[in-house]
$ cat my_file-v4.pdb   # PDB, C-alpha atoms
ATOM      1  CA  MET X   1      -4.501  -0.940  -4.425
ATOM      2  CA  ARG X   2      -5.249  -3.445  -7.170
ATOM      3  CA  TRP X   3      -1.841  -2.890  -8.719
ATOM      4  CA  ILE X   4      -0.105  -3.672  -5.465
ATOM      5  CA  CYS X   5      -2.092  -6.906  -5.141
ATOM      6  CA  LEU X   6      -1.158  -7.831  -8.705
ATOM      7  CA  LEU X   7       2.484  -7.071  -7.907
ATOM      8  CA  PHE X   8       2.351  -9.406  -4.908
ATOM      9  CA  ALA X   9       0.727 -12.115  -7.043
ATOM     10  CA  GLY X  10       3.429 -11.747  -9.701
ATOM     11  CA  ILE X  11       6.226 -11.898  -7.145
ATOM     12  CA  SER X  12       4.641 -14.959  -5.530
ATOM     13  CA  PHE X  13       4.385 -16.649  -8.924
ATOM     14  CA  MET X  14       8.050 -15.875  -9.639
ATOM     15  CA  SER X  15       8.983 -17.276  -6.227
ATOM     16  CA  PHE X  16       7.096 -20.480  -6.981
ATOM     17  CA  MET X  17       8.838 -20.802 -10.346
ATOM     18  CA  GLY X  18      12.203 -20.196  -8.652
ATOM     19  CA  ASP X  19      11.498 -22.883  -6.044
ATOM     20  CA  LEU X  20      10.681 -25.377  -8.787
ATOM     21  CA  GLY X  21      13.845 -24.486 -10.672
ATOM     22  CA  MET X  22      11.909 -23.236 -13.703
ATOM     23  CA  ALA X  23      13.395 -19.745 -13.545
ATOM     24  CA  LYS X  24      16.804 -18.501 -12.465
ATOM     25  CA  PHE X  25      15.619 -14.863 -12.244
ATOM     26  CA  PRO X  26      14.368 -14.976  -8.607
ATOM     27  CA  ALA X  27      17.689 -16.341  -7.321
ATOM     28  CA  ILE X  28      19.865 -13.512  -8.695
ATOM     29  CA  ARG X  29      21.855 -11.822  -5.925
ATOM     30  CA  VAL X  30      21.600  -8.031  -5.680
ATOM     31  CA  ILE X  31      25.260  -7.545  -4.680
ATOM     32  CA  PRO X  32      27.128 -10.667  -5.861
ATOM     33  CA  SER X  33      30.435  -9.692  -4.240
ATOM     34  CA  VAL X  34      28.909  -9.950  -0.736
ATOM     35  CA  GLY X  35      28.216 -13.664  -1.126
ATOM     36  CA  ASN X  36      25.402 -15.494   0.644
ATOM     37  CA  SER X  37      24.552 -12.525   2.860
ATOM     38  CA  SER X  38      23.327 -10.539  -0.152
ATOM     39  CA  PRO X  39      19.542 -10.521  -0.604
ATOM     40  CA  THR X  40      18.099 -11.998  -3.753
ATOM     41  CA  LEU X  41      16.236  -9.877  -6.265
ATOM     42  CA  LEU X  42      12.985 -11.518  -5.218
ATOM     43  CA  THR X  43      13.556 -10.634  -1.554
ATOM     44  CA  LEU X  44      14.290  -7.048  -2.522
ATOM     45  CA  LEU X  45      11.102  -6.861  -4.627
ATOM     46  CA  LEU X  46       9.010  -8.259  -1.769
ATOM     47  CA  PHE X  47      10.536  -5.761   0.666
ATOM     48  CA  LEU X  48       9.916  -2.804  -1.645
ATOM     49  CA  SER X  49       6.354  -3.843  -2.471
ATOM     50  CA  THR X  50       5.612  -4.268   1.253
ATOM     51  CA  LEU X  51       6.906  -0.750   1.908
ATOM     52  CA  VAL X  52       4.737   0.601  -0.918
ATOM     53  CA  LEU X  53       1.707  -1.215   0.486
ATOM     54  CA  LEU X  54       2.295   0.160   3.993
ATOM     55  CA  GLY X  55       2.800   3.677   2.620
ATOM     56  CA  ARG X  56      -0.424   3.409   0.658
ATOM     57  CA  MET X  57      -2.302   2.219   3.745
ATOM     58  CA  LEU X  58      -0.917   5.122   5.779
ATOM     59  CA  ARG X  59      -1.927   7.622   3.111
ATOM     60  CA  MET X  60      -5.425   6.139   2.930
ATOM     61  CA  GLU X  61      -5.730   6.294   6.717
ATOM     62  CA  ILE X  62      -4.725   9.959   6.766
ATOM     63  CA  ARG X  63      -7.230  10.756   4.014
ATOM     64  CA  GLY X  64      -9.922   8.855   5.896
ATOM     65  CA  GLU X  65      -9.395  11.018   8.963
ATOM     66  CA  LYS X  66      -9.711  14.158   6.837
ATOM     67  CA  GLU X  67     -12.904  12.854   5.262
ATOM     68  CA  LYS X  68     -14.373  12.180   8.706
ATOM     69  CA  LEU X  69     -13.492  15.687   9.835
ATOM     70  CA  HIS X  70     -15.054  17.223   6.706
ATOM     71  CA  LYS X  71     -18.268  15.255   7.297
ATOM     72  CA  HIS X  72     -18.339  16.332  10.933
ATOM     73  CA  ILE X  73     -17.783  19.990  10.001
ATOM     74  CA  LYS X  74     -20.584  19.813   7.419
ATOM     75  CA  LYS X  75     -22.909  18.296  10.004
ATOM     76  CA  LEU X  76     -22.088  21.040  12.506
ATOM     77  CA  GLU X  77     -22.622  23.739   9.852
ATOM     78  CA  ASP X  78     -26.058  22.292   9.117
ATOM     79  CA  HIS X  79     -26.922  22.408  12.808
ATOM     80  CA  ILE X  80     -25.748  26.021  13.041
ATOM     81  CA  GLU X  81     -27.928  26.993  10.042
ATOM     82  CA  LYS X  82     -30.959  25.313  11.630
ATOM     83  CA  LEU X  83     -30.386  27.165  14.887
ATOM     84  CA  GLU X  84     -29.972  30.487  13.090
ATOM     85  CA  ASP X  85     -33.314  30.006  11.314
ATOM     86  CA  VAL X  86     -35.163  29.499  14.587
TER      87      VAL X  86
END
$ encode --input "my_file-v4.pdb" --output "structure tokens"
Amino acid sequence: MRWICLLFAGISFMSFMGDLGMAKFPAIRVIPSVGNSSPTLLTLLLFLSTLVLLGRMLRMEIRGEKEKLHKHIKKLEDHIEKLEDV
């Protein structure tokens, strides 16, 4: 998750430099033949990093549900063992 945050910080810094005119890199068009309707490289990077972040969040949410189920199963197994001992 830290790498994604660093990626967002880097893209934001490049955007700031592009707005100030210090760097031409963020204003490069992805498909130059399309004209003004083509997204810039910076827009494409932001879109891809947002998709990666959302995918990571989804994967973490799915893992969290599995962890909760494993904890619940362990708790139930402990209760079963206590009842069997009685």
$ atom_distance --input "my_file-v4.pdb" --atom1 "CA of Phe8 (chain X)" --atom2 "CA of Thr40 (chain X)"
16.0 Å
$ resolve_selection --input "my_file-v4.pdb" --expression "the PyMOL selection byres ((chain X and resi 50-65) around 12)" --output "list in words"
Met1, Arg2, Trp3, Ile4, Cys5, Leu6, Leu7, Phe8, Ile11, Thr43, Leu44, Leu45, Leu46, Phe47, Leu48, Ser49, Lys66, Glu67, Lys68, Leu69, His70, Lys71 and His72 of chain X
$ atom_distance --input "my_file-v4.pdb" --atom1 "CA of Pro39 (chain X)" --atom2 "CA of Gly18 (chain X)"
14.6 Å
$ closest_residue --input "my_file-v4.pdb" --among "X:Ala9, X:Leu42, X:Lys74, X:Glu81" --to "Val30 (chain X)" --atoms "only C-alpha atoms"
X:Leu42
$ atom_distance --input "my_file-v4.pdb" --atom1 "CA of Gly10 (chain X)" --atom2 "CA of Ile31 (chain X)"
22.8 Å
